[in-house]
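S.K.: Mind having a look at this structure? Questions to follow.
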Amino acid sequence: MKYISKNELAERAGVSKRMFGRWMARHDEELRLGVEKWHKLVSPVAARQIAEWYGIDL
């Protein structure tokens, strides 16, 4: 797996970028190693965790 954009994750989840940002805000502590607010890309490890939490097909 490679790095994936937050926009692409939001699209795959079927939510707006704003809603996806809210989801990420809920998990600041757990995702600290893979998702920074100003970064547009999500690490593979963080993407897998996000997909598991929200039922996103990667």
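Following the order of the structure tokens, chains are lettered A, B, ..., residues in each are numbered from 1, and ligands are numbered from 1.
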Pull the strand (DSSP E) assignments for chain A out of DSSP run on the backbone, and list those residues as a list in words.
M.R.: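 Residues meeting the strand (DSSP E) criterion: Ile4, Ser5, Leu41 and Val42 of chain A.
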S.K.: Those same residues - N, CA and C atoms - I'd like them written as a short mmCIF file (atom, residue, chain, number, x, y, z; two decimals), in the first residue's frame.
M.R.:
```
data_model
loop_
_atom_site.label_atom_id
_atom_site.label_comp_id
_atom_site.auth_asym_id
_atom_site.auth_seq_id
_atom_site.Cartn_x
_atom_site.Cartn_y
_atom_site.Cartn_z
N ILE A 4 -1.93 7.74 0.71
CA ILE A 4 -3.19 8.07 0.06
C ILE A 4 -3.64 9.44 0.54
N SER A 5 -4.28 10.19 -0.34
CA SER A 5 -4.70 11.54 0.04
C SER A 5 -5.95 11.49 0.92
N LEU A 41 -1.52 13.96 2.67
CA LEU A 41 -1.39 12.52 2.51
C LEU A 41 -1.44 11.81 3.86
N VAL A 42 -1.92 10.59 3.82
CA VAL A 42 -2.04 9.74 5.00
C VAL A 42 -1.12 8.55 4.80
#
```
S.K.: What lies within 10 Å of Leu9 of chain A using only C-alpha atoms, ignoring chain neighbours under 3 positions off, as a list of chain:residue names?
M.R.: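 Once the nearby chain positions are removed, what remains is A:Ile4, A:Ser5, A:Lys6, A:Arg12, A:Ala13, A:Gly14, A:Val15, A:Ser16, A:Lys17, A:Phe20, A:Leu41, A:Val42, A:Ala47, A:Ile50, A:Ala51, A:Ile56, A:Asp57, A:Leu58.
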S.K.: Can you work out which one of A:Ser43, A:Tyr54, A:Ala25, A:Gln49 has the shortest atom-to-atom distance to Ala10 of chain A, counting only C-alpha atoms?
M.R.: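 Under the stated criterion, the closest residue is A:Tyr54.
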S.K.: For a quick check of understanding, using only C-alpha atoms, which of A:Glu11, A:His27, A:Lys2, A:Arg18 has the smallest distance to Trp53 of chain A?
M.R.: A:His27
S.K.: With only C-alpha atoms as the basis for distance, which of A:Asn7, A:Asp28, A:Trp23, A:Met1 is at the shortest distance from Arg48 of chain A?
M.R.: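 Of A:Asn7, A:Asp28, A:Trp23, A:Met1, the one nearest Arg48 of chain A is A:Met1, counting only C-alpha atoms.
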